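What follows is one structure encoded as structure tokens, with my remarks underneath.
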Amino acid sequence: MERKTFQQAQGPPDDPLGAFCRENHVSLEGDSSGPLADLTFGVKDVFHIDGHRTGFGHPDWLRTHPPAQVTATAVQRLLNAGARMVGKTHTDELAYSLSGQNMHYGTPINPVAPDRIPGGSSCGSVSAVAGGLVDFALGTDCGGSVRLPASYCGVLGMRPTLGRVPLDGVIPFGPSFDVAGWFARDAGVFQRVGGVLLGDEPDARPPKRLLYARDAFELVDKRVSQALDNAVRKAAAVIGAYEDVIVSPEGLSAWFETFRVLQAAEVWGNHGEWIHAVRPRFGRGVRERFAWASQVEEKDVADCKNNHRVIKERIYGLIQDDDVLCLPSSPRVAPLKNTPDNDMEIRFRNQAMCLLCIAGLAGLPQISLPLANIDGLPLGLSLVGPPGADSRLLAMSRTLMHGG
């Protein structure tokens with residue numbers, strides 16, 4: 001007899017953090033015999049659930065789109081593996097921000113620093129994980145929407161190799177860079193979830209060389225690089241060989257500009273028509289970002305596509321099959337909630353994107369590990385591997401977090 005695998009629960013979960021969506025709540029039971037049957041998870045509100053509406057961080061999107069007719073493959077894999085979906089989690093407006101602040105639904109609480117933002121756009125997912133409401137959560141990462149919140153909230157975050165986790169049933173944003181990632185507090189859970197989502201046999205081969213991204217560390221405040229010193233030493237001791245490298249001869253700010261133009265063109269191509277038709281209200285930062293994206297010129301896009309090819313060749317030549325590149329996940333700890341808009345955009349977002357664009361431009365896997373802090377506030381160290389090294393990075397996360 002066929003088991004009824006999924007069952008919708010009643011009402012949103014108890015949520016003191018403001019992490020979960022209420023307007024389109026859905027929770028689902030997983031297959032009780034699966035390998036993740038002891039775990040609960042949240043799902044960023046960009047993943048479709050059959051028969052339910054996807055909100056994409058905006059009430060107008062929720063209002064103008066019908067219920068989904070499919071369930072995202074990534075969600076289905078987790079349900080089939082036995083994990084229980086507790087609910088959908090908030091995202092920034094149309095996911096076009098790294099702050100986690102949403103003028104319509106509020107800002108999920110950063111559980112380790114309630115006076116500071118959680119980071120976005122996977123803000124509800126990271127808040128729910130850091131606050132212990134779920135064991136893990138799905139997010140998406142185009143520009144850094146898993147890696148940066150992971151650093152801000154002191155959890156593990158994974159950006160897999162581009163295309164490794166299926167994105168069917170997920171609202172497209174910047175498809176050249178979009179991936180489905182995840183958060184967890186425990187490295188064992190982090191690795192188990194990866195085994196299901198990646199759908200392959202674990203590759204525990206240890207890397208043989210740690211590449212220290214000198215220009216990335218020089219980009220951040222000295223206090224940040226010093227705070228990460230012990231974590232870098234720990235990684236170097238595990239791997240063995242160590243080498244300083246310069247990632248971007250042109251400068252990471254130039255790489256960010258290439259990423260910024262290409263991402264904006266794709267985002268506007270996907271959602272500009274809807275924005276023109278509906279004229280939704282956006283909060284500060286998101287509003288200006290969409291306005292700029294609408295003005296990106298084809299010539300600039302063509303130039304940046306050429307730059308993108310050169311950048312990928314540089315990165316693929318730098319990070320060999322047995323290498324791991326280390327760099328800060330973020331240029332600083334989570335900013336205070338009342339940080340001025342200009343400061344948030346320049347000092348936090350743009351500087352962070354100079355670090356985050358490296359893996360994004362090359363489609364590489366990257367993990368952020370909560371291995372450092374400043375004044376009790378978490379700070380992540382990131383490890384970036386060559387294409388397809390996802391399982392190796394997950395094994396490394398377990399070694400570095402728990403000693404094996």
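Each chain in the structure tokens gets a letter, A, B and so on, in the order shown; residues start at 1 in every chain, and ligands are counted from 1 in the order they appear.
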
I need the helix (DSSP H, G or I) residues of segment 74-302 of chain A per DSSP on the backbone, written as a PyMOL selection string. chain A and resi 74-80+93-95+123-130+147-153+187-198+214-219+222-227+229-239+252-278+286-293+298-302

Give me the residues within 12 Å of Arg279 of chain A as a short mmCIF file (atom, residue, chain, number, x, y, z; two decimals) with N, CA and C atoms, in the first residue's frame, counting only C-alpha atoms and dropping any in the same chain fewer than 5 places off.
data_model
loop_
_atom_site.label_atom_id
_atom_site.label_comp_id
_atom_site.auth_asym_id
_atom_site.auth_seq_id
_atom_site.Cartn_x
_atom_site.Cartn_y
_atom_site.Cartn_z
N HIS A 58 7.14 39.89 -1.21
CA HIS A 58 6.34 41.08 -1.51
C HIS A 58 4.85 40.73 -1.57
N ASP A 60 2.47 42.19 -3.11
CA ASP A 60 1.92 42.33 -4.46
C ASP A 60 2.25 41.12 -5.33
N TRP A 61 3.41 40.55 -5.12
CA TRP A 61 3.75 39.32 -5.85
C TRP A 61 2.81 38.20 -5.42
N THR A 64 -0.66 38.72 -6.99
CA THR A 64 -0.81 38.67 -8.44
C THR A 64 -0.36 37.36 -9.07
N HIS A 271 12.09 40.13 -14.20
CA HIS A 271 11.01 40.71 -13.41
C HIS A 271 10.62 42.14 -13.76
N GLY A 272 11.33 42.73 -14.73
CA GLY A 272 11.02 44.10 -15.10
C GLY A 272 9.61 44.29 -15.62
N GLU A 273 9.14 43.34 -16.42
CA GLU A 273 7.79 43.46 -16.98
C GLU A 273 6.74 43.47 -15.87
N TRP A 274 6.91 42.60 -14.89
CA TRP A 274 5.97 42.57 -13.76
C TRP A 274 6.03 43.88 -12.97
N ARG A 287 14.51 49.63 -3.90
CA ARG A 287 13.91 50.53 -4.90
C ARG A 287 14.98 51.09 -5.83
N PHE A 290 16.51 48.35 -8.23
CA PHE A 290 15.70 48.03 -9.40
C PHE A 290 15.69 49.18 -10.40
N ALA A 291 15.67 50.41 -9.90
CA ALA A 291 15.69 51.57 -10.81
C ALA A 291 16.98 51.56 -11.63
#

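Excluding segment 312-314 of chain A and any residue on its chain fewer than 5 positions from it, the residues at most 9 Å away by only C-alpha atoms are Val247, Ser248, Asn307, Ile319, Leu361, Ala362 and Gly363 of chain A.
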
Find the spatial neighbours of Arg185 of chain A, counting only C-alpha atoms, within a cut-off of 10 Å - ignore same-chain residues fewer than 3 positions away - and output them as a VMD selection string. chain A and resid 126 129 to 132 134 to 136 150 153 to 157 188 to 190 369 to 370

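Nearest to Asp141 of chain A of all the residues A:Pro386, A:Pro111, A:Gly174, A:Gly285 is A:Gly174, based on only C-alpha atoms.
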
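Around Glu93 of chain A, within 10 Å and counting only C-alpha atoms, the residues found are Gly55, Phe56, Gly57, His58, Pro59, Trp61, Gly100, Gln101, Asn102, Met103, His104, Tyr105, Gly120, Ser121, Arg281, Phe282, Gly283, Val286 and Arg287 of chain A, once anything fewer than 5 positions away on its own chain is removed.
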
For the residues in the current selection, export N, CA, C and O atoms as an mmCIF file, in the first residue's frame.
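What follows is the written file selection.cif:
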data_model
loop_
_atom_site.group_PDB
_atom_site.id
_atom_site.type_symbol
_atom_site.label_atom_id
_atom_site.label_comp_id
_atom_site.auth_asym_id
_atom_site.auth_seq_id
_atom_site.Cartn_x
_atom_site.Cartn_y
_atom_site.Cartn_z
ATOM 1 N N GLY A 55 5.486 33.844 -2.212
ATOM 2 C CA GLY A 55 5.377 35.282 -1.980
ATOM 3 C C GLY A 55 6.525 36.130 -2.471
ATOM 4 O O GLY A 55 6.341 37.326 -2.699
ATOM 5 N N PHE A 56 7.738 35.570 -2.571
ATOM 6 C CA PHE A 56 8.893 36.299 -3.096
ATOM 7 C C PHE A 56 9.139 37.610 -2.339
ATOM 8 O O PHE A 56 9.631 38.578 -2.896
ATOM 9 N N GLY A 57 8.784 37.639 -1.070
ATOM 10 C CA GLY A 57 9.095 38.793 -0.228
ATOM 11 C C GLY A 57 8.252 40.021 -0.475
ATOM 12 O O GLY A 57 8.586 41.110 0.014
ATOM 13 N N HIS A 58 7.145 39.889 -1.206
ATOM 14 C CA HIS A 58 6.343 41.082 -1.512
ATOM 15 C C HIS A 58 4.852 40.729 -1.574
ATOM 16 O O HIS A 58 4.468 39.802 -2.290
ATOM 17 N N PRO A 59 4.003 41.473 -0.870
ATOM 18 C CA PRO A 59 2.564 41.169 -0.884
ATOM 19 C C PRO A 59 1.933 41.306 -2.262
ATOM 20 O O PRO A 59 0.964 40.598 -2.578
ATOM 21 N N TRP A 61 3.413 40.550 -5.124
ATOM 22 C CA TRP A 61 3.752 39.316 -5.852
ATOM 23 C C TRP A 61 2.812 38.203 -5.418
ATOM 24 O O TRP A 61 2.263 37.455 -6.247
ATOM 25 N N GLY A 100 18.206 41.676 4.824
ATOM 26 C CA GLY A 100 17.164 40.980 5.578
ATOM 27 C C GLY A 100 16.058 41.887 6.049
ATOM 28 O O GLY A 100 15.141 41.445 6.750
ATOM 29 N N GLN A 101 16.102 43.151 5.676
ATOM 30 C CA GLN A 101 15.081 44.118 6.086
ATOM 31 C C GLN A 101 14.012 44.217 4.994
ATOM 32 O O GLN A 101 14.333 44.463 3.841
ATOM 33 N N ASN A 102 12.764 44.036 5.391
ATOM 34 C CA ASN A 102 11.661 44.041 4.441
ATOM 35 C C ASN A 102 10.595 45.012 4.937
ATOM 36 O O ASN A 102 10.052 44.837 6.024
ATOM 37 N N MET A 103 10.297 46.040 4.148
ATOM 38 C CA MET A 103 9.370 47.079 4.589
ATOM 39 C C MET A 103 7.950 46.549 4.776
ATOM 40 O O MET A 103 7.145 47.150 5.485
ATOM 41 N N HIS A 104 7.632 45.418 4.169
ATOM 42 C CA HIS A 104 6.282 44.872 4.237
ATOM 43 C C HIS A 104 6.113 43.877 5.371
ATOM 44 O O HIS A 104 5.074 43.853 6.040
ATOM 45 N N TYR A 105 7.119 43.059 5.591
ATOM 46 C CA TYR A 105 6.999 41.970 6.556
ATOM 47 C C TYR A 105 7.915 42.111 7.763
ATOM 48 O O TYR A 105 7.880 41.279 8.663
ATOM 49 N N GLY A 120 20.523 39.071 4.396
ATOM 50 C CA GLY A 120 19.533 38.537 3.474
ATOM 51 C C GLY A 120 20.209 38.052 2.201
ATOM 52 O O GLY A 120 21.438 38.022 2.129
ATOM 53 N N SER A 121 19.438 37.661 1.226
ATOM 54 C CA SER A 121 17.995 37.725 1.256
ATOM 55 C C SER A 121 17.352 36.486 1.885
ATOM 56 O O SER A 121 16.131 36.422 2.017
ATOM 57 N N ARG A 281 5.474 48.758 -4.413
ATOM 58 C CA ARG A 281 6.261 49.635 -3.545
ATOM 59 C C ARG A 281 7.437 48.847 -2.992
ATOM 60 O O ARG A 281 7.277 47.763 -2.446
ATOM 61 N N PHE A 282 8.634 49.432 -3.134
ATOM 62 C CA PHE A 282 9.848 48.820 -2.601
ATOM 63 C C PHE A 282 10.443 49.704 -1.524
ATOM 64 O O PHE A 282 10.319 50.932 -1.567
ATOM 65 N N GLY A 283 11.126 49.091 -0.572
ATOM 66 C CA GLY A 283 11.845 49.838 0.445
ATOM 67 C C GLY A 283 13.125 50.433 -0.110
ATOM 68 O O GLY A 283 13.560 50.116 -1.222
ATOM 69 N N VAL A 286 16.357 48.535 -2.135
ATOM 70 C CA VAL A 286 15.771 47.683 -3.169
ATOM 71 C C VAL A 286 15.194 48.554 -4.283
ATOM 72 O O VAL A 286 15.372 48.262 -5.473
ATOM 73 N N ARG A 287 14.506 49.627 -3.899
ATOM 74 C CA ARG A 287 13.910 50.528 -4.896
ATOM 75 C C ARG A 287 14.980 51.092 -5.831
ATOM 76 O O ARG A 287 14.838 51.053 -7.064
#

Closest of A:Leu148, A:Leu162, A:Ala395, A:Ala359 to Tyr316 of chain A - atom-to-atom distances counting only C-alpha atoms: A:Ala359

Out of A:Asp390, A:Asp14, A:Asp300, A:Asp200, which residue has the shortest atom-to-atom distance to Ile367 of chain A when counting only C-alpha atoms? A:Asp390

Taking only C-alpha atoms into account, which of A:Leu252, A:Ile374, A:Ala213, A:Ile246 comes nearest Val324 of chain A? A:Ala213

One decimal, in Å: what's the spacing between atom CA of Phe217 of chain A and atom CA of Gly360 of chain A? 17.9 Å

Would you list the contacts of Ala293 of chain A as an mmCIF file with all heavy atoms, in the first residue's frame, taking every protein, DNA or RNA residue within 7 Å and counting only C-alpha atoms, but skipping same-chain residues closer than 6 positions in sequence?
data_model
loop_
_atom_site.group_PDB
_atom_site.id
_atom_site.type_symbol
_atom_site.label_atom_id
_atom_site.label_comp_id
_atom_site.auth_asym_id
_atom_site.auth_seq_id
_atom_site.Cartn_x
_atom_site.Cartn_y
_atom_site.Cartn_z
ATOM 1 N N ALA A 264 22.178 42.486 -12.571
ATOM 2 C CA ALA A 264 21.082 43.447 -12.743
ATOM 3 C C ALA A 264 20.348 43.216 -14.055
ATOM 4 O O ALA A 264 19.105 43.280 -14.113
ATOM 5 C CB ALA A 264 21.628 44.871 -12.684
ATOM 6 N N ALA A 265 21.100 42.960 -15.126
ATOM 7 C CA ALA A 265 20.468 42.728 -16.424
ATOM 8 C C ALA A 265 19.570 41.496 -16.380
ATOM 9 O O ALA A 265 18.458 41.497 -16.938
ATOM 10 C CB ALA A 265 21.540 42.570 -17.503
ATOM 11 N N TRP A 268 16.409 42.223 -14.064
ATOM 12 C CA TRP A 268 15.425 43.054 -14.752
ATOM 13 C C TRP A 268 14.772 42.283 -15.906
ATOM 14 O O TRP A 268 13.568 42.415 -16.147
ATOM 15 C CB TRP A 268 16.062 44.341 -15.257
ATOM 16 C CG TRP A 268 15.010 45.296 -15.757
ATOM 17 C CD1 TRP A 268 14.707 45.598 -17.048
ATOM 18 C CD2 TRP A 268 14.106 46.046 -14.947
ATOM 19 N NE1 TRP A 268 13.661 46.487 -17.093
ATOM 20 C CE2 TRP A 268 13.275 46.779 -15.824
ATOM 21 C CE3 TRP A 268 13.921 46.161 -13.567
ATOM 22 C CZ2 TRP A 268 12.266 47.624 -15.363
ATOM 23 C CZ3 TRP A 268 12.918 47.006 -13.102
ATOM 24 C CH2 TRP A 268 12.102 47.721 -13.988
#

Please provide the set of residues having any atom within 12 Å of Val267 of chain A, restricted to only C-alpha atoms, with same-chain residues fewer than 4 positions apart removed, written as a ChimeraX atom specification. /A:94-96,142-143,171-178,259-263,271-275,289-294,296

As a PyMOL selection string, list the residues of segment 340-380 of chain A assigned to strand (DSSP E) by DSSP on the backbone atoms of this structure. chain A and resi 366-374+377-380

Store the residues picked out above in a file with all heavy atoms, as a CSV table (one decimal), in the first residue's frame.
chain,number,residue,atom,x,y,z
A,366,GLN,N,31.1,27.2,-2.1
A,366,GLN,CA,31.7,28.0,-1.0
A,366,GLN,C,30.9,27.7,0.2
A,366,GLN,O,29.7,27.7,0.2
A,366,GLN,CB,31.7,29.5,-1.4
A,366,GLN,CG,32.2,30.3,-0.2
A,366,GLN,CD,32.3,31.8,-0.6
A,366,GLN,OE1,32.3,32.2,-1.8
A,366,GLN,NE2,32.4,32.7,0.4
A,367,ILE,N,31.7,27.5,1.3
A,367,ILE,CA,31.0,27.3,2.6
A,367,ILE,C,31.5,28.4,3.5
A,367,ILE,O,32.7,28.9,3.4
A,367,ILE,CB,31.3,26.0,3.3
A,367,ILE,CG1,32.9,25.7,3.4
A,367,ILE,CG2,30.6,24.8,2.6
A,367,ILE,CD1,33.2,24.5,4.2
A,368,SER,N,30.6,28.9,4.4
A,368,SER,CA,31.0,29.9,5.4
A,368,SER,C,30.9,29.2,6.8
A,368,SER,O,29.8,28.6,7.1
A,368,SER,CB,30.0,31.1,5.4
A,368,SER,OG,30.4,32.0,6.5
A,369,LEU,N,31.9,29.2,7.5
A,369,LEU,CA,32.0,28.5,8.8
A,369,LEU,C,32.2,29.5,10.0
A,369,LEU,O,33.0,30.4,9.9
A,369,LEU,CB,33.2,27.5,8.8
A,369,LEU,CG,33.2,26.5,7.7
A,369,LEU,CD1,34.5,25.6,7.9
A,369,LEU,CD2,32.0,25.6,7.7
A,370,PRO,N,31.4,29.3,11.0
A,370,PRO,CA,31.4,30.3,12.1
A,370,PRO,C,32.6,30.0,13.1
A,370,PRO,O,32.4,29.5,14.2
A,370,PRO,CB,30.1,30.0,12.8
A,370,PRO,CG,29.8,28.6,12.6
A,370,PRO,CD,30.3,28.3,11.2
A,371,LEU,N,33.8,30.4,12.6
A,371,LEU,CA,35.0,30.0,13.3
A,371,LEU,C,35.7,31.2,14.0
A,371,LEU,O,36.8,31.0,14.6
A,371,LEU,CB,36.0,29.4,12.4
A,371,LEU,CG,35.6,28.0,11.8
A,371,LEU,CD1,36.6,27.6,10.7
A,371,LEU,CD2,35.6,26.9,12.9
A,372,ALA,N,35.0,32.4,14.0
A,372,ALA,CA,35.7,33.5,14.6
A,372,ALA,C,34.6,34.4,15.2
A,372,ALA,O,33.4,34.3,14.9
A,372,ALA,CB,36.5,34.3,13.6
A,373,ASN,N,35.0,35.4,16.0
A,373,ASN,CA,34.1,36.4,16.5
A,373,ASN,C,34.9,37.7,16.8
A,373,ASN,O,36.1,37.6,17.0
A,373,ASN,CB,33.3,35.9,17.7
A,373,ASN,CG,34.1,35.8,18.9
A,373,ASN,OD1,34.4,36.7,19.7
A,373,ASN,ND2,34.6,34.5,19.2
A,374,ILE,N,34.2,38.8,16.9
A,374,ILE,CA,34.7,40.1,17.3
A,374,ILE,C,33.7,40.6,18.4
A,374,ILE,O,32.5,40.8,18.1
A,374,ILE,CB,34.8,41.1,16.2
A,374,ILE,CG1,35.9,40.6,15.2
A,374,ILE,CG2,35.2,42.5,16.7
A,374,ILE,CD1,36.0,41.5,14.0
A,377,LEU,N,30.5,38.8,18.6
A,377,LEU,CA,29.7,38.8,17.4
A,377,LEU,C,30.3,37.9,16.4
A,377,LEU,O,31.5,37.9,16.1
A,377,LEU,CB,29.5,40.2,16.8
A,377,LEU,CG,28.8,41.2,17.7
A,377,LEU,CD1,28.9,42.6,17.2
A,377,LEU,CD2,27.3,40.8,17.9
A,378,PRO,N,29.5,37.0,15.8
A,378,PRO,CA,30.1,36.0,14.9
A,378,PRO,C,30.7,36.5,13.6
A,378,PRO,O,30.3,37.6,13.1
A,378,PRO,CB,29.0,35.0,14.6
A,378,PRO,CG,27.7,35.8,14.8
A,378,PRO,CD,28.1,36.8,15.9
A,379,LEU,N,31.7,35.8,13.1
A,379,LEU,CA,32.3,36.2,11.8
A,379,LEU,C,32.7,34.9,11.1
A,379,LEU,O,33.3,34.0,11.7
A,379,LEU,CB,33.6,37.0,12.1
A,379,LEU,CG,34.4,37.6,11.0
A,379,LEU,CD1,33.5,38.7,10.3
A,379,LEU,CD2,35.7,38.2,11.5
A,380,GLY,N,32.4,34.7,9.9
A,380,GLY,CA,32.6,33.5,9.1
A,380,GLY,C,33.9,33.5,8.4
A,380,GLY,O,34.4,34.5,7.8

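Among the candidates A:Arg233, A:Leu356, A:Glu288, A:Asp375, the residue lying nearest to Asn342 of chain A is A:Glu288 (atoms considered: only C-alpha atoms).
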
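Remark: for Ala231 of chain A, the closest of the candidate residues A:Pro328, A:Gly195, A:Pro108, A:Pro12 is A:Pro328 (distances computed over only C-alpha atoms).
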